[in-house]
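Since the structure comes first, as structure tokens, the remarks are kept for the end.
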Amino acid sequence: NETVIDIGANRGDTALFFANKNYNVIAFEPVGKLYETAINNLDLNPHIKDRIHLVQKAVSCEKGKIKLYFNGDLDLVSGEVSQYIKGKNTEIVETTTIKDILIEYNLKPYILKMDCEGCEYDIILKSDLSMFKYIYFEYHENLKNLKHEILIEKLEKQGFELFFKEELFNVGIVKMIKK
């Protein structure tokens, strides 16, 4: 079975979706409360739970630790200090990289999904992602003050082509496929 790497697993819904479609999923969710909710949601689905490996780490362009900022409702979590995050609760979490994930789990990746509130810029701009067949990501221009087109251009240089884009204000979804 092909493997999906899910960066920003949140409550586990995307991981469950892919596992239900027979993919193996390695899902990363750094925020403790969201990680616990994802575990509970996996437990509600024992028939596909064994296809999902949930990890409480952030994915970045380097290993180490990062301070995450989030509001009380956990509807916006980011490694970026942002005027959009009210309350500015913090949590320090471990980080890993795409390269280290591929080595640690000895896998051939198929799909990379990123919904990580700003980390998509560092991962795409500073990582080789050419081994994936599909890359889906949500971008947040307001958190980085960078245009999302630089992400698309970087992935095009790694052999991907754009097949879906949806934008609302400074946030959007991009789906790319390997040529």
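Order determines the names: the first chain of the structure tokens is A, the second B, and so forth; residues in each chain are numbered 1 upward, and ligands are numbered 1 upward as they are shown.
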Select from segment 26-66 of chain A everything DSSP, run on the backbone, classes as helix (DSSP H, G or I), then give the selection as a PDB file with N, CA and C atoms, in the first residue's frame.
```
ATOM      1  N   GLY A  32      -0.739  19.043  21.909  1.00  0.00           N
ATOM      2  CA  GLY A  32      -1.199  17.989  22.808  1.00  0.00           C
ATOM      3  C   GLY A  32      -2.689  17.717  22.786  1.00  0.00           C
ATOM      4  N   LYS A  33      -3.517  18.758  22.907  1.00  0.00           N
ATOM      5  CA  LYS A  33      -4.973  18.558  22.943  1.00  0.00           C
ATOM      6  C   LYS A  33      -5.489  17.990  21.624  1.00  0.00           C
ATOM      7  N   LEU A  34      -4.952  18.477  20.512  1.00  0.00           N
ATOM      8  CA  LEU A  34      -5.382  17.967  19.206  1.00  0.00           C
ATOM      9  C   LEU A  34      -4.904  16.532  19.002  1.00  0.00           C
ATOM     10  N   TYR A  35      -3.699  16.241  19.444  1.00  0.00           N
ATOM     11  CA  TYR A  35      -3.153  14.883  19.361  1.00  0.00           C
ATOM     12  C   TYR A  35      -4.047  13.907  20.133  1.00  0.00           C
ATOM     13  N   GLU A  36      -4.433  14.284  21.348  1.00  0.00           N
ATOM     14  CA  GLU A  36      -5.305  13.424  22.161  1.00  0.00           C
ATOM     15  C   GLU A  36      -6.663  13.222  21.488  1.00  0.00           C
ATOM     16  N   THR A  37      -7.214  14.272  20.898  1.00  0.00           N
ATOM     17  CA  THR A  37      -8.482  14.146  20.176  1.00  0.00           C
ATOM     18  C   THR A  37      -8.321  13.212  18.984  1.00  0.00           C
ATOM     19  N   ALA A  38      -7.200  13.325  18.279  1.00  0.00           N
ATOM     20  CA  ALA A  38      -6.941  12.432  17.139  1.00  0.00           C
ATOM     21  C   ALA A  38      -6.857  10.981  17.599  1.00  0.00           C
ATOM     22  N   ILE A  39      -6.179  10.726  18.716  1.00  0.00           N
ATOM     23  CA  ILE A  39      -6.097   9.364  19.270  1.00  0.00           C
ATOM     24  C   ILE A  39      -7.503   8.831  19.545  1.00  0.00           C
ATOM     25  N   ASN A  40      -8.336   9.658  20.164  1.00  0.00           N
ATOM     26  CA  ASN A  40      -9.715   9.239  20.458  1.00  0.00           C
ATOM     27  C   ASN A  40     -10.481   8.939  19.176  1.00  0.00           C
ATOM     28  N   ASN A  41     -10.279   9.739  18.139  1.00  0.00           N
ATOM     29  CA  ASN A  41     -10.966   9.493  16.871  1.00  0.00           C
ATOM     30  C   ASN A  41     -10.461   8.224  16.188  1.00  0.00           C
ATOM     31  N   LEU A  42      -9.178   7.937  16.320  1.00  0.00           N
ATOM     32  CA  LEU A  42      -8.662   6.675  15.775  1.00  0.00           C
ATOM     33  C   LEU A  42      -9.291   5.496  16.505  1.00  0.00           C
ATOM     34  N   ASP A  43      -9.440   5.621  17.824  1.00  0.00           N
ATOM     35  CA  ASP A  43     -10.045   4.545  18.613  1.00  0.00           C
ATOM     36  C   ASP A  43     -11.492   4.275  18.212  1.00  0.00           C
ATOM     37  N   LYS A  49      -7.705   1.666  12.169  1.00  0.00           N
ATOM     38  CA  LYS A  49      -6.735   2.271  13.087  1.00  0.00           C
ATOM     39  C   LYS A  49      -5.317   1.755  12.863  1.00  0.00           C
ATOM     40  N   ASP A  50      -5.172   0.483  12.515  1.00  0.00           N
ATOM     41  CA  ASP A  50      -3.834  -0.099  12.355  1.00  0.00           C
ATOM     42  C   ASP A  50      -3.095   0.428  11.124  1.00  0.00           C
ATOM     43  N   ARG A  51      -3.772   1.153  10.257  1.00  0.00           N
ATOM     44  CA  ARG A  51      -3.121   1.753   9.082  1.00  0.00           C
ATOM     45  C   ARG A  51      -2.559   3.145   9.373  1.00  0.00           C
TER      46      ARG A  51
END
```
Who sits within 10 Å of Asn22 of chain A, only C-alpha atoms, same chain under 2 positions skipped, as an MDAnalysis selection string: chainID A and resid 1:3 16:20 24:25 48 51
Write the selection just made, keeping C-alpha atoms, as a PDB file, in the first residue's frame?
```pdb
ATOM      1  CA  ASN A   1       0.000   0.000   0.000  1.00  0.00           C
ATOM      2  CA  GLU A   2       1.096   3.545  -0.682  1.00  0.00           C
ATOM      3  CA  THR A   3       1.945   5.826   2.227  1.00  0.00           C
ATOM      4  CA  LEU A  16      -8.881   8.475   8.792  1.00  0.00           C
ATOM      5  CA  PHE A  17     -10.039   9.420   5.295  1.00  0.00           C
ATOM      6  CA  PHE A  18      -6.852   8.114   3.666  1.00  0.00           C
ATOM      7  CA  ALA A  19      -6.733   4.991   5.849  1.00  0.00           C
ATOM      8  CA  ASN A  20     -10.321   4.254   4.833  1.00  0.00           C
ATOM      9  CA  ASN A  24      -0.979   3.677   5.204  1.00  0.00           C
ATOM     10  CA  VAL A  25      -0.722   7.011   7.006  1.00  0.00           C
ATOM     11  CA  ILE A  48      -8.684   1.123  10.021  1.00  0.00           C
ATOM     12  CA  ARG A  51      -3.121   1.753   9.082  1.00  0.00           C
TER      13      ARG A  51
END
```
Within 8 Å of segment 98-115 of chain A, counting only C-alpha atoms, which residues show up once you throw out same-chain ones fewer than 5 positions away? Write them as a ChimeraX atom specification, please. /A:2-9,59-61,120,123,127,131-139
Do you know which residues are at most 7 Å from Leu54 of chain A counting only C-alpha atoms, after dropping those on the same chain fewer than 6 positions away, and could you put them as number ranges by chain? A: 26-28
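Of the residues listed (A:Asp128, A:Glu62, A:Glu29, A:Asp13), A:Asp13 shows the shortest atom-to-atom separation from Leu44 of chain A; distances use only C-alpha atoms.
Across the structure, atom CA of Tyr121 of chain A and atom CA of Asn10 of chain A are spaced 18.5 Å apart.
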With DSSP run on the backbone, what are the strand (DSSP E or B) residues within segment 58-163 of chain A? I'd like them as a PyMOL selection string. chain A and resi 58-60+64-70+77-78+89-97+109-114+134-140+160-163
N, CA and C atoms of the current selection, written as a short mmCIF file (atom, residue, chain, number, x, y, z; two decimals), in the first residue's frame:
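Done, and the output landed in again_13.cif:
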```
data_model
loop_
_atom_site.label_atom_id
_atom_site.label_comp_id
_atom_site.auth_asym_id
_atom_site.auth_seq_id
_atom_site.Cartn_x
_atom_site.Cartn_y
_atom_site.Cartn_z
N ALA A 58 6.14 18.20 15.47
CA ALA A 58 5.96 19.12 14.35
C ALA A 58 6.95 18.71 13.26
N VAL A 59 6.61 19.00 12.02
CA VAL A 59 7.53 18.75 10.91
C VAL A 59 8.04 20.10 10.44
N SER A 60 9.35 20.18 10.25
CA SER A 60 9.99 21.43 9.89
C SER A 60 11.11 21.12 8.90
N GLY A 64 14.78 19.53 16.02
CA GLY A 64 15.00 20.36 17.20
C GLY A 64 13.72 20.52 17.98
N LYS A 65 13.49 21.74 18.44
CA LYS A 65 12.27 22.07 19.18
C LYS A 65 11.75 23.39 18.63
N ILE A 66 10.44 23.56 18.74
CA ILE A 66 9.80 24.79 18.28
C ILE A 66 8.73 25.19 19.29
N LYS A 67 8.53 26.48 19.42
CA LYS A 67 7.45 26.98 20.26
C LYS A 67 6.26 27.25 19.35
N LEU A 68 5.14 26.60 19.65
CA LEU A 68 3.91 26.81 18.89
C LEU A 68 3.04 27.81 19.63
N TYR A 69 2.36 28.64 18.86
CA TYR A 69 1.43 29.62 19.40
C TYR A 69 0.03 29.21 18.98
N PHE A 70 -0.92 29.30 19.90
CA PHE A 70 -2.29 28.97 19.53
C PHE A 70 -3.27 29.73 20.40
N VAL A 77 -3.23 27.35 15.01
CA VAL A 77 -1.98 26.98 15.66
C VAL A 77 -0.88 27.26 14.68
N SER A 78 0.21 27.88 15.14
CA SER A 78 1.30 28.19 14.23
C SER A 78 2.61 28.27 14.97
N ASN A 89 -1.36 31.37 23.57
CA ASN A 89 -0.93 30.23 24.37
C ASN A 89 0.24 29.59 23.65
N THR A 90 1.13 28.94 24.39
CA THR A 90 2.29 28.33 23.74
C THR A 90 2.49 26.90 24.21
N GLU A 91 3.19 26.14 23.39
CA GLU A 91 3.57 24.77 23.72
C GLU A 91 4.88 24.51 22.99
N ILE A 92 5.87 23.93 23.66
CA ILE A 92 7.14 23.60 23.02
C ILE A 92 7.10 22.14 22.63
N VAL A 93 7.41 21.87 21.35
CA VAL A 93 7.33 20.50 20.83
C VAL A 93 8.59 20.16 20.04
N GLU A 94 8.84 18.87 19.89
CA GLU A 94 9.94 18.39 19.07
C GLU A 94 9.60 18.55 17.60
N THR A 95 10.64 18.75 16.78
CA THR A 95 10.45 18.80 15.33
C THR A 95 11.25 17.68 14.67
N THR A 96 10.78 17.28 13.51
CA THR A 96 11.48 16.33 12.67
C THR A 96 11.42 16.86 11.25
N THR A 97 12.07 16.18 10.33
CA THR A 97 12.10 16.61 8.93
C THR A 97 11.54 15.53 8.02
N PRO A 109 7.26 7.25 -0.07
CA PRO A 109 6.07 8.08 0.09
C PRO A 109 5.27 8.21 -1.20
N TYR A 110 4.00 8.46 -1.06
CA TYR A 110 3.12 8.62 -2.20
C TYR A 110 2.45 10.00 -2.18
N ILE A 111 1.81 10.32 -1.06
CA ILE A 111 1.11 11.60 -0.92
C ILE A 111 1.68 12.35 0.28
N LEU A 112 1.91 13.65 0.09
CA LEU A 112 2.27 14.54 1.19
C LEU A 112 1.14 15.54 1.35
N LYS A 113 0.54 15.58 2.54
CA LYS A 113 -0.52 16.54 2.84
C LYS A 113 -0.01 17.44 3.96
N MET A 114 -0.10 18.75 3.74
CA MET A 114 0.34 19.71 4.75
C MET A 114 -0.76 20.73 5.03
N TYR A 134 2.07 12.95 -5.19
CA TYR A 134 1.10 14.04 -5.01
C TYR A 134 1.50 14.87 -3.79
N ILE A 135 1.28 16.17 -3.89
CA ILE A 135 1.47 17.06 -2.75
C ILE A 135 0.24 17.96 -2.65
N TYR A 136 -0.40 17.91 -1.49
CA TYR A 136 -1.56 18.75 -1.21
C TYR A 136 -1.17 19.64 -0.04
N PHE A 137 -1.39 20.94 -0.16
CA PHE A 137 -1.09 21.80 0.98
C PHE A 137 -2.01 23.00 1.05
N GLU A 138 -2.20 23.44 2.28
CA GLU A 138 -2.89 24.69 2.55
C GLU A 138 -1.80 25.72 2.82
N TYR A 139 -1.92 26.89 2.22
CA TYR A 139 -0.92 27.94 2.46
C TYR A 139 -1.55 29.09 3.23
N HIS A 140 -0.67 29.84 3.91
CA HIS A 140 -1.09 30.94 4.78
C HIS A 140 -0.17 32.12 4.54
N PHE A 160 6.83 18.81 -10.39
CA PHE A 160 5.39 18.76 -10.15
C PHE A 160 4.66 19.75 -11.06
N GLU A 161 3.38 19.47 -11.29
CA GLU A 161 2.54 20.43 -12.00
C GLU A 161 1.27 20.66 -11.19
N LEU A 162 0.77 21.87 -11.30
CA LEU A 162 -0.42 22.28 -10.57
C LEU A 162 -1.66 21.66 -11.21
N PHE A 163 -2.52 21.04 -10.38
CA PHE A 163 -3.79 20.56 -10.94
C PHE A 163 -5.00 21.06 -10.18
#
```
